[in-house]
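structure_20.txt follows (compact mmCIF, C-alpha atoms):
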```
# COMPACT_ATOMS: atom_id res chain seq x y z
CA MET F 1 -12.04 -59.95 -76.57
CA ASP F 2 -10.98 -57.81 -73.63
CA THR F 3 -13.55 -58.34 -70.95
CA SER F 4 -11.96 -55.94 -68.42
CA CYS F 5 -13.93 -52.77 -67.69
CA THR F 6 -13.24 -49.54 -65.94
CA LYS F 7 -15.63 -48.56 -63.11
CA PRO F 8 -16.71 -44.96 -63.19
CA SER F 9 -15.49 -42.87 -60.23
CA LYS F 10 -18.12 -42.00 -57.67
CA LYS F 11 -18.48 -38.31 -56.86
CA MET F 12 -19.58 -37.20 -53.38
CA PRO F 13 -22.96 -35.54 -53.54
CA LEU F 14 -22.96 -31.76 -53.07
CA SER F 15 -25.08 -32.08 -49.94
CA SER F 16 -22.41 -34.29 -48.32
CA TRP F 17 -19.72 -31.69 -49.04
CA LYS F 18 -21.83 -29.02 -47.41
CA LEU F 19 -22.24 -31.20 -44.33
CA VAL F 20 -18.46 -31.74 -44.07
CA LEU F 21 -17.78 -28.01 -44.40
CA VAL F 22 -20.34 -27.22 -41.70
CA LEU F 23 -18.75 -29.76 -39.36
CA ILE F 24 -15.26 -28.35 -40.00
CA LEU F 25 -16.47 -24.80 -39.40
CA PHE F 26 -18.25 -25.81 -36.20
CA PHE F 27 -15.14 -27.60 -34.93
CA ALA F 28 -12.95 -24.56 -35.71
CA VAL F 29 -15.31 -22.23 -33.85
CA TYR F 30 -15.42 -24.61 -30.88
CA MET F 31 -11.61 -24.87 -30.68
CA MET F 32 -11.32 -21.09 -30.87
CA TYR F 33 -13.85 -20.74 -28.03
CA VAL F 34 -11.96 -23.21 -25.83
CA ALA F 35 -8.64 -21.47 -26.47
CA LEU F 36 -9.99 -17.99 -25.77
CA GLN F 37 -11.82 -19.16 -22.67
CA GLN F 38 -8.50 -20.24 -21.16
CA TYR F 39 -7.26 -16.65 -21.51
CA GLY F 40 -10.35 -15.20 -19.91
CA VAL F 41 -11.95 -13.72 -23.04
CA PHE F 42 -15.18 -15.65 -22.60
CA SER F 43 -17.11 -16.07 -19.38
CA VAL F 44 -19.04 -19.32 -19.12
CA THR F 45 -21.66 -17.80 -16.85
CA ASN F 46 -22.36 -15.00 -19.29
CA LEU F 47 -22.50 -17.11 -22.45
CA ILE F 48 -25.86 -17.57 -24.11
CA THR F 49 -24.67 -19.22 -27.29
CA VAL F 50 -21.35 -20.78 -28.25
CA GLY F 51 -18.87 -18.07 -29.14
CA ALA F 52 -20.77 -15.18 -27.56
CA VAL F 53 -18.40 -12.73 -25.85
CA SER F 54 -19.36 -11.44 -22.40
CA LYS F 55 -20.03 -7.73 -22.51
CA ALA F 56 -17.89 -5.97 -19.91
CA PRO F 57 -18.79 -2.37 -19.20
CA ILE F 58 -16.82 0.17 -21.18
CA CYS F 59 -15.27 2.55 -18.65
CA HIS F 60 -14.33 6.07 -19.65
CA MET F 61 -11.49 8.00 -18.09
CA PRO F 62 -12.71 10.94 -15.98
CA ALA F 63 -11.92 14.49 -17.03
CA VAL F 64 -8.35 14.68 -15.76
CA SER F 65 -5.15 16.01 -17.21
CA HIS F 66 -3.03 13.82 -19.46
CA SER F 67 -0.36 13.59 -16.75
CA ASP F 68 -2.88 12.38 -14.14
CA ALA F 69 -4.52 9.74 -16.34
CA PRO F 70 -1.99 6.95 -15.52
CA PHE F 71 -3.00 7.18 -11.85
CA PHE F 72 -6.67 6.30 -12.44
CA HIS F 73 -7.44 2.60 -12.70
CA PHE F 74 -10.40 0.26 -13.27
CA PRO F 75 -9.50 -2.99 -11.44
CA LYS F 76 -11.41 -6.18 -12.18
CA PRO F 77 -11.21 -8.32 -9.02
CA VAL F 78 -11.61 -12.07 -9.41
CA THR F 79 -13.06 -12.64 -5.93
CA TYR F 80 -16.16 -10.48 -6.38
CA ASN F 81 -17.99 -8.22 -8.82
CA ARG F 82 -17.72 -4.44 -8.51
CA LYS F 83 -21.23 -4.23 -9.99
CA GLU F 84 -22.40 -0.66 -10.48
CA CYS F 85 -18.99 0.62 -9.34
CA ALA F 86 -17.07 -1.24 -12.06
CA CYS F 87 -16.36 2.11 -13.72
CA THR F 88 -15.50 3.96 -10.51
CA PRO F 89 -11.81 4.85 -10.98
CA VAL F 90 -9.41 3.70 -8.27
CA ARG F 91 -6.19 5.42 -7.16
CA PHE F 92 -3.28 3.30 -5.92
CA PHE F 93 -1.03 4.51 -3.10
CA ALA F 94 1.69 3.32 -0.73
CA ILE F 95 2.65 4.90 2.61
CA LEU F 96 6.44 4.59 3.04
CA SER F 97 7.54 5.12 6.62
CA MET F 98 9.53 3.84 9.59
CA GLN F 99 8.30 2.23 12.78
CA ARG F 100 7.05 4.62 15.48
CA SER F 101 6.70 7.53 13.07
CA GLY F 102 2.96 8.02 13.39
CA SER F 103 2.04 5.79 10.46
CA GLY F 104 -0.48 3.75 12.48
CA TRP F 105 -2.35 6.90 13.52
CA PHE F 106 -2.11 8.32 10.01
CA GLU F 107 -3.51 5.14 8.47
CA THR F 108 -6.55 5.13 10.78
CA LEU F 109 -7.22 8.71 9.71
CA LEU F 110 -7.18 7.68 6.05
CA ASN F 111 -9.40 4.69 6.70
CA SER F 112 -12.01 6.94 8.28
CA HIS F 113 -12.62 8.26 4.75
CA PRO F 114 -15.46 6.25 3.14
CA ASN F 115 -13.56 5.84 -0.13
CA ILE F 116 -10.09 4.88 1.16
CA SER F 117 -8.84 1.42 2.05
CA SER F 118 -5.32 1.25 3.52
CA ASN F 119 -4.42 -2.31 4.41
CA GLY F 120 -1.65 -2.06 6.98
CA GLU F 121 1.83 -3.57 6.96
CA ILE F 122 1.26 -6.29 4.39
CA PHE F 123 4.99 -6.88 4.03
CA SER F 124 5.58 -7.50 7.73
CA VAL F 125 5.09 -11.14 6.66
CA LYS F 126 8.55 -12.16 5.44
CA PRO F 127 7.59 -14.62 2.65
CA ARG F 128 5.71 -11.82 0.88
CA ARG F 129 8.94 -9.80 0.59
CA SER F 130 11.41 -12.67 0.06
CA ASN F 131 12.15 -11.57 -3.52
CA ALA F 132 10.95 -9.18 -6.20
CA THR F 133 8.58 -11.77 -7.67
CA SER F 134 6.74 -12.38 -4.40
CA ILE F 135 6.54 -8.62 -3.81
CA THR F 136 5.03 -8.05 -7.26
CA ARG F 137 2.57 -10.91 -6.79
CA THR F 138 1.40 -9.45 -3.48
CA LEU F 139 1.05 -5.94 -4.87
CA ASN F 140 -0.91 -7.21 -7.88
CA ARG F 141 -3.38 -8.92 -5.59
CA LEU F 142 -3.76 -5.78 -3.47
CA TYR F 143 -4.22 -3.34 -6.33
CA ASN F 144 -6.62 -5.69 -8.10
CA LEU F 145 -8.89 -5.24 -5.03
CA ASP F 146 -8.54 -8.92 -4.15
CA TRP F 147 -6.83 -8.30 -0.80
CA TYR F 148 -9.10 -8.82 2.18
CA SER F 149 -8.40 -7.13 5.51
CA SER F 150 -10.28 -5.31 8.24
CA ALA F 151 -9.68 -2.12 6.26
CA ALA F 152 -11.44 -3.46 3.16
CA LYS F 153 -14.38 -1.27 2.18
CA ASN F 154 -16.62 -2.38 -0.65
CA GLU F 155 -16.77 -2.57 -4.40
CA CYS F 156 -16.89 1.24 -4.55
CA THR F 157 -13.45 1.80 -2.99
CA ALA F 158 -11.87 4.74 -4.80
CA SER F 159 -8.35 4.54 -3.36
CA ILE F 160 -6.45 1.52 -2.11
CA GLY F 161 -2.99 1.13 -0.62
CA LEU F 162 -0.81 -0.14 2.18
CA LYS F 163 1.65 0.91 4.85
CA TRP F 164 5.20 -0.18 4.03
CA MET F 165 8.11 0.13 6.45
CA LEU F 166 11.51 0.90 4.95
CA ASN F 167 13.07 -2.18 6.58
CA GLN F 168 10.49 -4.56 5.09
CA GLY F 169 12.27 -5.28 1.80
CA LEU F 170 11.53 -1.81 0.43
CA LEU F 171 15.12 -0.56 0.25
CA GLN F 172 16.52 -3.98 -0.59
CA HIS F 173 14.38 -4.23 -3.74
CA HIS F 174 13.98 -0.50 -4.39
CA VAL F 175 14.79 -0.70 -8.12
CA GLU F 176 12.08 -3.23 -8.91
CA ILE F 177 9.56 -1.56 -6.59
CA ALA F 178 10.14 1.93 -8.03
CA ASP F 179 9.70 0.52 -11.53
CA TYR F 180 6.48 -1.18 -10.44
CA PHE F 181 5.13 2.02 -8.89
CA ASN F 182 5.86 3.98 -12.06
CA GLN F 183 4.45 1.35 -14.41
CA ARG F 184 1.29 0.74 -12.37
CA GLY F 185 0.67 4.37 -11.46
CA VAL F 186 1.13 4.05 -7.69
CA SER F 187 1.36 7.31 -5.75
CA VAL F 188 3.83 7.38 -2.84
CA ILE F 189 3.23 9.10 0.51
CA PHE F 190 6.39 9.49 2.58
CA LEU F 191 5.72 9.86 6.31
CA PHE F 192 8.71 10.57 8.55
CA ARG F 193 9.46 12.21 11.89
CA ARG F 194 11.66 15.27 12.02
CA ASN F 195 12.67 14.59 15.62
CA LEU F 196 14.34 11.19 15.47
CA LEU F 197 15.08 11.34 19.20
CA ARG F 198 11.36 11.29 19.97
CA ARG F 199 11.05 8.32 17.62
CA MET F 200 13.77 6.56 19.63
CA VAL F 201 11.92 7.21 22.89
CA SER F 202 8.78 5.71 21.33
CA ILE F 203 10.68 2.65 20.12
CA LEU F 204 12.24 2.01 23.54
CA ALA F 205 8.94 2.55 25.36
CA ASN F 206 7.13 0.21 22.99
CA ALA F 207 9.80 -2.47 23.45
CA HIS F 208 9.49 -2.09 27.22
CA ASP F 209 5.73 -2.55 27.15
CA ARG F 210 6.05 -5.57 24.86
CA ALA F 211 8.22 -7.16 27.53
CA VAL F 212 6.28 -6.22 30.70
CA LYS F 213 2.73 -5.69 29.30
CA GLN F 214 1.74 -2.78 31.54
CA LEU F 215 -1.96 -2.68 30.59
CA ASN F 216 -3.47 -5.62 32.46
CA GLY F 217 -1.00 -8.06 30.96
CA THR F 218 -1.64 -6.92 27.39
CA HIS F 219 0.83 -5.21 25.08
CA LYS F 220 -0.59 -2.29 23.12
CA ALA F 221 1.41 -0.45 20.49
CA HIS F 222 -1.42 2.09 20.22
CA VAL F 223 -4.02 3.13 22.77
CA HIS F 224 -7.51 4.59 22.60
CA SER F 225 -7.84 6.31 25.97
CA GLU F 226 -5.93 8.95 27.90
CA ALA F 227 -5.84 6.65 30.93
CA GLU F 228 -3.98 3.97 28.97
CA ALA F 229 -1.69 6.58 27.46
CA ALA F 230 -0.82 7.89 30.94
CA VAL F 231 0.17 4.40 32.10
CA LEU F 232 2.52 3.84 29.15
CA ALA F 233 3.98 7.36 29.38
CA LYS F 234 5.23 6.72 32.93
CA PHE F 235 8.13 4.66 31.61
CA LYS F 236 11.24 6.81 31.06
CA PRO F 237 13.89 5.00 29.02
CA THR F 238 17.59 5.32 29.65
CA ILE F 239 19.30 5.96 26.31
CA ASN F 240 22.73 4.56 25.54
CA THR F 241 24.61 7.75 24.66
CA THR F 242 27.52 5.75 23.24
CA LEU F 243 25.30 4.41 20.47
CA LEU F 244 23.00 7.42 20.23
CA MET F 245 24.73 9.26 17.39
CA SER F 246 25.18 6.16 15.24
CA GLU F 247 21.51 5.21 15.69
CA LEU F 248 20.32 8.68 14.73
CA ARG F 249 22.63 8.72 11.70
CA ARG F 250 21.34 5.31 10.60
CA ALA F 251 17.69 6.40 10.79
CA ASP F 252 18.45 9.68 9.04
CA LYS F 253 20.34 7.88 6.27
CA MET F 254 17.53 5.39 5.76
CA GLY F 255 15.01 8.17 5.23
CA ARG F 256 17.27 10.04 2.82
CA GLU F 257 17.92 6.88 0.80
CA ALA F 258 14.21 6.20 0.48
CA LEU F 259 13.59 9.72 -0.83
CA LYS F 260 16.36 9.29 -3.38
CA HIS F 261 15.33 5.79 -4.52
CA PHE F 262 11.71 6.81 -5.11
CA GLU F 263 12.17 10.37 -6.32
CA SER F 264 11.02 9.33 -9.81
CA THR F 265 7.57 8.39 -8.49
CA ARG F 266 4.61 10.68 -8.00
CA HIS F 267 5.04 11.40 -4.30
CA LEU F 268 4.13 13.55 -1.33
CA LEU F 269 6.44 14.15 1.65
CA LEU F 270 4.82 14.49 5.07
CA TYR F 271 6.23 14.91 8.56
CA TYR F 272 4.42 13.63 11.62
CA GLU F 273 5.02 16.86 13.52
CA ASP F 274 3.26 18.87 10.80
CA LEU F 275 0.24 16.58 10.82
CA VAL F 276 -0.07 16.91 14.59
CA SER F 277 0.18 20.70 14.62
CA ASN F 278 -1.75 21.41 11.43
CA HIS F 279 -4.69 19.18 10.54
CA THR F 280 -5.19 20.96 7.22
CA LYS F 281 -2.23 18.88 6.05
CA LEU F 282 -4.65 15.96 5.89
CA MET F 283 -6.62 17.81 3.24
CA ASP F 284 -3.41 18.03 1.22
CA VAL F 285 -3.29 14.23 1.32
CA LEU F 286 -6.87 13.93 0.02
CA ASP F 287 -6.07 16.42 -2.72
CA PHE F 288 -2.98 14.40 -3.60
CA LEU F 289 -5.13 11.25 -3.89
CA GLN F 290 -7.71 13.31 -5.83
CA LEU F 291 -10.52 12.35 -3.49
CA PRO F 292 -13.36 14.42 -2.00
CA ARG F 293 -12.39 16.35 1.12
CA LYS F 294 -13.88 14.81 4.26
CA LYS F 295 -13.27 15.26 7.95
CA LEU F 296 -10.91 12.50 9.05
CA SER F 297 -10.82 11.05 12.56
CA SER F 298 -8.92 8.52 14.63
CA ARG F 299 -9.40 6.89 18.02
CA HIS F 300 -5.66 6.81 18.62
CA VAL F 301 -4.49 8.78 21.65
CA LYS F 302 -0.97 10.22 21.72
CA ILE F 303 1.18 8.62 24.42
CA HIS F 304 4.18 10.92 24.84
CA THR F 305 3.04 14.54 25.15
CA GLU F 306 5.57 15.88 27.67
CA PRO F 307 8.85 17.65 26.78
CA LEU F 308 11.64 15.19 26.16
CA ALA F 309 13.40 16.38 29.32
CA ASN F 310 10.55 14.75 31.28
CA GLN F 311 10.52 11.54 29.25
CA ILE F 312 14.18 10.45 29.21
CA GLU F 313 15.74 9.13 32.41
CA ASN F 314 19.27 10.32 31.62
CA TRP F 315 18.27 13.57 29.94
CA GLY F 316 21.41 15.44 30.96
CA GLU F 317 23.70 12.89 29.29
CA VAL F 318 21.58 12.87 26.14
CA TYR F 319 21.53 16.66 25.96
CA ARG F 320 25.32 16.89 26.25
CA ALA F 321 25.81 14.12 23.69
CA LEU F 322 23.74 15.92 21.04
CA ASN F 323 24.63 19.54 21.83
CA GLY F 324 26.78 20.98 19.07
CA THR F 325 26.02 18.12 16.66
CA PRO F 326 23.82 18.10 13.52
CA PHE F 327 21.09 16.65 15.74
CA GLU F 328 21.09 19.28 18.49
CA SER F 329 17.73 20.61 17.30
CA PHE F 330 16.18 17.42 18.68
CA VAL F 331 16.90 18.61 22.22
CA LYS F 332 16.68 22.39 21.71
CA ASP F 333 13.67 22.85 19.44
CA ASP F 334 11.45 20.13 20.85
CA TYR F 335 7.68 20.44 20.70
CA ARG F 336 5.11 19.30 23.25
CA ARG F 337 2.20 18.00 21.17
```
Go through the file and emit its structure as structure tokens.
Amino acid sequence: MDTSCTKPSKKMPLSSWKLVLVLILFFAVYMMYVALQQYGVFSVTNLITVGAVSKAPICHMPAVSHSDAPFFHFPKPVTYNRKECACTPVRFFAILSMQRSGSGWFETLLNSHPNISSNGEIFSVKPRRSNATSITRTLNRLYNLDWYSSAAKNECTASIGLKWMLNQGLLQHHVEIADYFNQRGVSVIFLFRRNLLRRMVSILANAHDRAVKQLNGTHKAHVHSEAEAAVLAKFKPTINTTLLMSELRRADKMGREALKHFESTRHLLLYYEDLVSNHTKLMDVLDFLQLPRKKLSSRHVKIHTEPLANQIENWGEVYRALNGTPFESFVKDDYRR
């Protein structure tokens, strides 16, 4: 007689299967939460239950034309919360200029507007402009409202930008920068001087003061009183007429190249002389940035107000060197203010 027997198979109770399925589902939800949290979808501080998505405010584009829409942004800074201004649209801008072209004065005017924050020459620091990647990283931080400077306003800033000199990596990396401006909706403000000879006088005078520090042992590139301006204006540089034409051509070429490289951007061209003689030009800037018109002010005091004939030591040589050249207007059609 065969005494062997077959044991019946044991089936897992239905309740046990339900428990396993619940555990698997819970684990899947948890893993999804961890993965999404790494990409910033969930905010730990705003979670009430596992898997609850933080509710960011839904911002609506203001009533602007289709062509203007790419220039309105809603940054989400990581260093602070914009709070009730999270849906205040922000315009991005960049002032492209050359040293001693009035950009310092112009920037203080813009910063006197309660809604504008212009953050100076960020790219005067060489590592920030060492390559296209470092430039992009710096710009991203600025336009995300995470750049802190003395010009920083508050969470309700409506327009943010910087002052960028042409010789600070701008022309060297112009292709990548122009692409960035177009992709991110950055508006460009060109600020140049028509009279490049006056710019040269300003450069030489500034270099002289940096060396001798005429104001109580302190160098000042900009002054806030007429008394200080009078002290600095006493210096009359002697200009090397042998190099004069080549220097003027170089500055003129640099400005023309910048206009060509960034012609595809949304831009506004300004000249320092026009801003000085016609303050309504400042309202054109506010209109360009699509901001409310406000009276703008600056504590900067102009240093060189005399005719160039009174501000250049070897004026006769300079006049003869430029007379009959493409730059003769610099000595014949000079302005005083």
Within 12 Å of stretch 102-124 of chain F: each stretch 254-278 of chain F residue with its shortest pair, all atoms listed in the file, as a tab-separated table:
```
residue	atom	partner	partner_atom	distance
F:Leu270	CA	F:Phe106	CA	10.5
F:Tyr271	CA	F:Gly102	CA	9.0
F:Tyr272	CA	F:Gly102	CA	6.1
F:Glu273	CA	F:Gly102	CA	9.1
F:Asp274	CA	F:Gly102	CA	11.2
F:Leu275	CA	F:Phe106	CA	8.6
F:Val276	CA	F:Gly102	CA	9.5
```
The selected residues should be written to file as a compact mmCIF listing (two decimals), in the coordinates of the input (atoms: C-alpha atoms).
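Written file, part_29.txt:
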```
# COMPACT_ATOMS: atom_id res chain seq x y z
CA LEU F 270 4.82 14.49 5.07
CA TYR F 271 6.23 14.91 8.56
CA TYR F 272 4.42 13.63 11.62
CA GLU F 273 5.02 16.86 13.52
CA ASP F 274 3.26 18.87 10.80
CA LEU F 275 0.24 16.58 10.82
CA VAL F 276 -0.07 16.91 14.59
```
Correct to one decimal, the distance atom CA of F:Leu162-atom CA of F:Phe93 is 7.0 Å
For the point (27.3, 9.4, 22.7) in file coordinates, what residues are within 8 Å, counting all atoms listed in the file? Give the answer as a ChimeraX atom specification?
/F:240-245,318,321-322
Write out, as a compact mmCIF listing (two decimals), in the frame of the given file, the residues just selected, with C-alpha atoms.
```txt
# COMPACT_ATOMS: atom_id res chain seq x y z
CA ASN F 240 22.73 4.56 25.54
CA THR F 241 24.61 7.75 24.66
CA THR F 242 27.52 5.75 23.24
CA LEU F 243 25.30 4.41 20.47
CA LEU F 244 23.00 7.42 20.23
CA MET F 245 24.73 9.26 17.39
CA VAL F 318 21.58 12.87 26.14
CA ALA F 321 25.81 14.12 23.69
CA LEU F 322 23.74 15.92 21.04
```
Measure the distance from atom CA of F:Glu228 to atom CA of F:Gln99 in Å and round it to one decimal.
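Calculated distance between atom CA of F:Glu228 and atom CA of F:Gln99 is 20.4 Å.
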Atom CA of F:Pro292 to atom CA of F:Leu96, straight-line distance in Å
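A separation of 22.7 Å between them.
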Write out as a list in words which residues come within 9 Å of F:Ala86 when counting all atoms listed in the file, dropping same-chain ones fewer than 4 positions away.
Pro57, Cys59, Phe74, Pro75, Lys76, Asn81, Arg82, Glu155 and Cys156 of chain F
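Proximity ranking of F:Lys236, F:Arg256, F:Lys153, F:Arg293 relative to F:Ile312 places F:Lys236 first, based on only C-alpha atoms.
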Shell of 8 Å around F:Ser101, only C-alpha atoms, local chain residues under 6 positions omitted, as a PyMOL selection string:
chain F and resi 191-193+199+272
Distance cut-off 8 Å, centre (14.0, 19.4, 26.4) in file coordinates, counting all atoms listed in the file: which residues qualify? Return them as a VMD selection string.
chain F and resid 307 to 310 331 to 334
Taking 3 positions as the minimum chain separation for residues in the same chain, which residues sit within 8 Å of F:His173 when counting all atoms listed in the file? Answer as an MDAnalysis selection string.
chainID F and resid 131:132 169:170 176:177
Would you kindly place all heavy atoms on stretch 103-113 of chain F and return the model as a JSON list (two decimals), in the coordinates of the input?
```json
[["chain", "number", "residue", "atom", "x", "y", "z"],
["F", 103, "SER", "N", 2.72, 6.37, 11.62],
["F", 103, "SER", "CA", 2.04, 5.79, 10.46],
["F", 103, "SER", "C", 0.76, 5.05, 10.84],
["F", 103, "SER", "O", -0.20, 5.03, 10.07],
["F", 103, "SER", "CB", 2.98, 4.85, 9.70],
["F", 103, "SER", "OG", 3.41, 3.78, 10.53],
["F", 104, "GLY", "N", 0.74, 4.44, 12.04],
["F", 104, "GLY", "CA", -0.48, 3.75, 12.48],
["F", 104, "GLY", "C", -1.63, 4.73, 12.67],
["F", 104, "GLY", "O", -2.76, 4.48, 12.23],
["F", 105, "TRP", "N", -1.35, 5.84, 13.33],
["F", 105, "TRP", "CA", -2.35, 6.90, 13.52],
["F", 105, "TRP", "C", -2.79, 7.47, 12.19],
["F", 105, "TRP", "O", -3.99, 7.65, 11.93],
["F", 105, "TRP", "CB", -1.74, 7.98, 14.41],
["F", 105, "TRP", "CG", -2.51, 9.26, 14.47],
["F", 105, "TRP", "CD1", -3.75, 9.47, 15.02],
["F", 105, "TRP", "CD2", -2.08, 10.54, 13.97],
["F", 105, "TRP", "NE1", -4.12, 10.79, 14.89],
["F", 105, "TRP", "CE2", -3.11, 11.46, 14.25],
["F", 105, "TRP", "CE3", -0.92, 10.98, 13.32],
["F", 105, "TRP", "CZ2", -3.02, 12.81, 13.90],
["F", 105, "TRP", "CZ3", -0.83, 12.32, 12.97],
["F", 105, "TRP", "CH2", -1.87, 13.22, 13.26],
["F", 106, "PHE", "N", -1.82, 7.74, 11.32],
["F", 106, "PHE", "CA", -2.11, 8.32, 10.01],
["F", 106, "PHE", "C", -3.00, 7.39, 9.19],
["F", 106, "PHE", "O", -3.95, 7.83, 8.52],
["F", 106, "PHE", "CB", -0.80, 8.58, 9.27],
["F", 106, "PHE", "CG", -0.95, 9.12, 7.89],
["F", 106, "PHE", "CD1", -1.49, 10.37, 7.66],
["F", 106, "PHE", "CD2", -0.57, 8.35, 6.79],
["F", 106, "PHE", "CE1", -1.63, 10.87, 6.37],
["F", 106, "PHE", "CE2", -0.70, 8.85, 5.50],
["F", 106, "PHE", "CZ", -1.23, 10.11, 5.29],
["F", 107, "GLU", "N", -2.73, 6.10, 9.25],
["F", 107, "GLU", "CA", -3.51, 5.14, 8.47],
["F", 107, "GLU", "C", -4.95, 5.06, 8.96],
["F", 107, "GLU", "O", -5.89, 4.94, 8.15],
["F", 107, "GLU", "CB", -2.86, 3.76, 8.50],
["F", 107, "GLU", "CG", -3.51, 2.79, 7.52],
["F", 107, "GLU", "CD", -2.79, 1.47, 7.44],
["F", 107, "GLU", "OE1", -2.47, 0.90, 8.50],
["F", 107, "GLU", "OE2", -2.55, 0.99, 6.32],
["F", 108, "THR", "N", -5.17, 5.14, 10.29],
["F", 108, "THR", "CA", -6.55, 5.13, 10.78],
["F", 108, "THR", "C", -7.30, 6.38, 10.34],
["F", 108, "THR", "O", -8.51, 6.33, 10.10],
["F", 108, "THR", "CB", -6.58, 5.03, 12.32],
["F", 108, "THR", "OG1", -5.90, 6.16, 12.90],
["F", 108, "THR", "CG2", -5.94, 3.74, 12.80],
["F", 109, "LEU", "N", -6.59, 7.50, 10.23],
["F", 109, "LEU", "CA", -7.22, 8.71, 9.71],
["F", 109, "LEU", "C", -7.68, 8.50, 8.27],
["F", 109, "LEU", "O", -8.81, 8.82, 7.91],
["F", 109, "LEU", "CB", -6.24, 9.87, 9.77],
["F", 109, "LEU", "CG", -5.96, 10.46, 11.16],
["F", 109, "LEU", "CD1", -4.75, 11.39, 11.10],
["F", 109, "LEU", "CD2", -7.17, 11.21, 11.69],
["F", 110, "LEU", "N", -6.81, 7.93, 7.45],
["F", 110, "LEU", "CA", -7.18, 7.68, 6.05],
["F", 110, "LEU", "C", -8.35, 6.72, 5.95],
["F", 110, "LEU", "O", -9.27, 6.92, 5.15],
["F", 110, "LEU", "CB", -5.98, 7.12, 5.28],
["F", 110, "LEU", "CG", -4.80, 8.05, 5.02],
["F", 110, "LEU", "CD1", -3.78, 7.36, 4.12],
["F", 110, "LEU", "CD2", -5.24, 9.36, 4.39],
["F", 111, "ASN", "N", -8.34, 5.69, 6.77],
["F", 111, "ASN", "CA", -9.40, 4.69, 6.70],
["F", 111, "ASN", "C", -10.74, 5.20, 7.22],
["F", 111, "ASN", "O", -11.76, 4.54, 7.04],
["F", 111, "ASN", "CB", -8.99, 3.42, 7.44],
["F", 111, "ASN", "CG", -8.09, 2.52, 6.61],
["F", 111, "ASN", "OD1", -8.22, 2.46, 5.39],
["F", 111, "ASN", "ND2", -7.17, 1.83, 7.26],
["F", 112, "SER", "N", -10.74, 6.36, 7.86],
["F", 112, "SER", "CA", -12.01, 6.94, 8.28],
["F", 112, "SER", "C", -12.72, 7.60, 7.10],
["F", 112, "SER", "O", -13.90, 7.95, 7.19],
["F", 112, "SER", "CB", -11.80, 7.98, 9.39],
["F", 112, "SER", "OG", -11.14, 9.14, 8.90],
["F", 113, "HIS", "N", -12.01, 7.74, 5.98],
["F", 113, "HIS", "CA", -12.62, 8.26, 4.75],
["F", 113, "HIS", "C", -13.40, 7.12, 4.09],
["F", 113, "HIS", "O", -12.88, 6.01, 3.95],
["F", 113, "HIS", "CB", -11.54, 8.78, 3.80],
["F", 113, "HIS", "CG", -12.07, 9.61, 2.67],
["F", 113, "HIS", "ND1", -12.76, 9.05, 1.61],
["F", 113, "HIS", "CD2", -12.01, 10.95, 2.43],
["F", 113, "HIS", "CE1", -13.09, 10.01, 0.75],
["F", 113, "HIS", "NE2", -12.66, 11.17, 1.23]]
```
